[in-house]
Amino acid sequence: MIYLMEIPENWDGTEALLTRLPAWKQEKLGKIRNERARNESLYAWALLFYGISREYGISKWPDVKFGVHGKPEFASAGGEWVPFFSLSHTQGAVLCAVSDQAAGADIQRIFPYKERAVRYYTSAQEWEILQGFERKEKPSAFLWSLKEAYLKCTGTGLSVEPQSLDFSGFFAGQETFYDKRFQTGEFGGCVYAACGQTWAEEPVAVSAEELLA
């Protein structure tokens, strides 16, 4: 399941959410001086707890470990099953994907188009298709989100060159790439992509108040 949320401004429940996060995460957030960056991470993790509670009835934070490339994942205690997840945040919005299988997800605010940056991560075929768009901001953002989601799902991070991945079929309605299923969409001025084996349900938009319910 994919969960989406717009980060509220000046909401008085933010500090209450902080107390619901694991101690190690609270400590880490306390070291972030940039308020926007701090809140993006805080709300992403709070959304994760909402998701695992809603879907799996989990009422206590599982232990968290980090992969070789820094991807966080739940650590199984004594062989106990734990769900997979992927978090992402961008200016003003967060996303959490929770699944029974490996997952990767990304959300991107649609910013002004920067040709040099886009040329860096697009394949030759993707670049050619982009030239047919009068407005390239949204399609280029989708391409980046698709690649980020895939790299998070596989756990390889940017050890794989983004331009070596080709998602040009996305513009023809293709939803399966590299033997994985993708779900994409738009939310609050952003685009998002989730990568996994299957996404059977529509994404859920969550309010800040629901996180404290």
# chains A, B, ... in the order shown; residues from 1 in each chain; ligands from 1
$ select_by_dssp --residues "range 91-157 of chain A" --states "helix (DSSP H, G or I)" --output "PyMOL selection string"
chain A and resi 115-121+124-130+137-154+157
$ closest_atom_pairs --of "range 78-108 of chain A" --to "range 1-19 of chain A" --cutoff "10 Å" --atoms "only C-alpha atoms" --output "JSON lines"
{"residue": "A:Phe85", "atom": "CA", "partner": "A:Met1", "partner_atom": "CA", "distance": 9.5}
{"residue": "A:Ser86", "atom": "CA", "partner": "A:Ile2", "partner_atom": "CA", "distance": 9.4}
{"residue": "A:Leu87", "atom": "CA", "partner": "A:Tyr3", "partner_atom": "CA", "distance": 9.7}
{"residue": "A:Ser88", "atom": "CA", "partner": "A:Leu4", "partner_atom": "CA", "distance": 9.8}
{"residue": "A:His89", "atom": "CA", "partner": "A:Met5", "partner_atom": "CA", "distance": 9.5}
{"residue": "A:Thr90", "atom": "CA", "partner": "A:Ile7", "partner_atom": "CA", "distance": 9.7}
{"residue": "A:Gln91", "atom": "CA", "partner": "A:Ile7", "partner_atom": "CA", "distance": 8.6}
{"residue": "A:Gly92", "atom": "CA", "partner": "A:Ile7", "partner_atom": "CA", "distance": 5.1}
{"residue": "A:Ala93", "atom": "CA", "partner": "A:Glu6", "partner_atom": "CA", "distance": 4.3}
{"residue": "A:Val94", "atom": "CA", "partner": "A:Met5", "partner_atom": "CA", "distance": 5.4}
{"residue": "A:Leu95", "atom": "CA", "partner": "A:Leu4", "partner_atom": "CA", "distance": 4.7}
{"residue": "A:Cys96", "atom": "CA", "partner": "A:Tyr3", "partner_atom": "CA", "distance": 5.1}
{"residue": "A:Ala97", "atom": "CA", "partner": "A:Ile2", "partner_atom": "CA", "distance": 4.4}
{"residue": "A:Val98", "atom": "CA", "partner": "A:Met1", "partner_atom": "CA", "distance": 5.4}
{"residue": "A:Ser99", "atom": "CA", "partner": "A:Met1", "partner_atom": "CA", "distance": 6.3}
{"residue": "A:Asp100", "atom": "CA", "partner": "A:Met1", "partner_atom": "CA", "distance": 9.5}
{"residue": "A:Ala105", "atom": "CA", "partner": "A:Ile2", "partner_atom": "CA", "distance": 8.6}
{"residue": "A:Ile107", "atom": "CA", "partner": "A:Leu4", "partner_atom": "CA", "distance": 9.2}
$ select_by_dssp --residues "chain A" --states "strand (DSSP E or B)" --output "PyMOL selection string"
chain A and resi 2-6+63-66+72-75+84-90+93-99+104-109+176-177+180-187+190-196+204-205
$ closest_residue --among "A:Cys153, A:Val160, A:Leu130, A:Ala23" --to "Glu73 in chain A" --atoms "only C-alpha atoms"
A:Cys153
$ closest_residue --among "A:Ala205, A:Leu48, A:Ala103, A:Leu42" --to "Gly30 in chain A" --atoms "only C-alpha atoms"
A:Leu42
$ closest_atom_pairs --of "range 25-131 of chain A" --to "range 167-176 of chain A" --cutoff "9 Å" --atoms "only C-alpha atoms" --output "tab-separated table"
residue	atom	partner	partner_atom	distance
A:Thr122	CA	A:Phe167	CA	8.8
A:Ser123	CA	A:Ser168	CA	8.2
A:Gln125	CA	A:Ser168	CA	6.3
A:Glu126	CA	A:Ser168	CA	4.9
A:Trp127	CA	A:Ser168	CA	8.6
A:Ile129	CA	A:Ser168	CA	7.3
$ atom_distance --atom1 "CA of Glu40 in chain A" --atom2 "CA of Ile52 in chain A"
18.7 Å
$ residues_around --residues "range 111-113 of chain A" --least-positions-apart "3" --cutoff "9 Å" --atoms "only C-alpha atoms" --output "VMD selection string"
chain A and resid 108 117 to 118 135 to 138 140 to 141 190
$ residues_around --residues "Trp61 in chain A" --least-positions-apart "5" --cutoff "10 Å" --atoms "only C-alpha atoms" --output "compact mmCIF listing (two decimals) with N, CA and C atoms, in the first residue's frame"
# COMPACT_ATOMS: atom_id res chain seq x y z
N ARG A 20 6.43 9.69 19.23
CA ARG A 20 6.00 8.37 18.81
C ARG A 20 7.05 7.63 17.99
N LEU A 21 8.13 8.32 17.67
CA LEU A 21 9.19 7.69 16.89
C LEU A 21 10.18 6.99 17.80
N PRO A 22 10.96 6.03 17.26
CA PRO A 22 11.96 5.34 18.08
C PRO A 22 12.97 6.34 18.65
N PHE A 49 4.75 4.45 10.51
CA PHE A 49 4.13 3.79 11.66
C PHE A 49 2.62 3.71 11.48
N ILE A 52 2.09 0.69 8.97
CA ILE A 52 2.25 -0.68 9.49
C ILE A 52 1.23 -0.98 10.58
N SER A 53 0.77 0.05 11.27
CA SER A 53 -0.29 -0.17 12.27
C SER A 53 -1.61 -0.48 11.58
N PHE A 74 13.29 -3.03 8.31
CA PHE A 74 13.03 -3.62 9.61
C PHE A 74 13.88 -4.86 9.81
$ atom_distance --atom1 "CA of Gly185 in chain A" --atom2 "CA of Pro139 in chain A"
11.5 Å
$ residues_around --residues "Tyr178 in chain A" --least-positions-apart "4" --cutoff "12 Å" --atoms "only C-alpha atoms" --output "list in words"
Leu146, Lys147, Tyr150, Leu151, Cys153, Thr154, Leu165, Asp166, Phe167, Gly169, Gln174, Phe182, Cys195, Gly196 and Gln197 of chain A
$ residues_around --residues "Ala75 in chain A" --least-positions-apart "2" --cutoff "8 Å" --atoms "only C-alpha atoms" --output "list in words"
Pro62, Asp63, Val64, Lys65, Glu73, Ala77 and Val82 of chain A
$ write_last_selection --atoms "N, CA, C and O atoms" --output "tab-separated table (two decimals), in the first residue's frame"
chain	number	residue	atom	x	y	z
A	62	PRO	N	9.33	-2.03	15.23
A	62	PRO	CA	10.34	-3.08	15.05
A	62	PRO	C	11.73	-2.44	15.04
A	62	PRO	O	11.87	-1.24	14.81
A	63	ASP	N	12.75	-3.24	15.28
A	63	ASP	CA	14.12	-2.73	15.15
A	63	ASP	C	14.38	-2.38	13.69
A	63	ASP	O	13.79	-2.96	12.78
A	64	VAL	N	15.26	-1.42	13.49
A	64	VAL	CA	15.60	-0.97	12.13
A	64	VAL	C	17.09	-1.18	11.88
A	64	VAL	O	17.92	-0.91	12.74
A	65	LYS	N	17.41	-1.68	10.70
A	65	LYS	CA	18.81	-1.81	10.29
A	65	LYS	C	18.97	-1.11	8.94
A	65	LYS	O	17.98	-0.76	8.28
A	73	GLU	N	15.57	-0.73	6.77
A	73	GLU	CA	14.61	-1.83	6.70
A	73	GLU	C	14.41	-2.39	8.11
A	73	GLU	O	15.26	-2.21	8.99
A	77	ALA	N	13.27	-9.92	14.59
A	77	ALA	CA	13.73	-10.35	15.91
A	77	ALA	C	13.32	-11.80	16.13
A	77	ALA	O	12.13	-12.13	16.17
A	82	VAL	N	8.58	-9.44	9.37
A	82	VAL	CA	8.39	-7.99	9.40
A	82	VAL	C	8.11	-7.51	7.97
A	82	VAL	O	8.60	-8.10	7.00
$ closest_residue --among "A:Pro203, A:Gly157, A:Pro162, A:Gly188" --to "His69 in chain A" --atoms "only C-alpha atoms"
A:Gly157
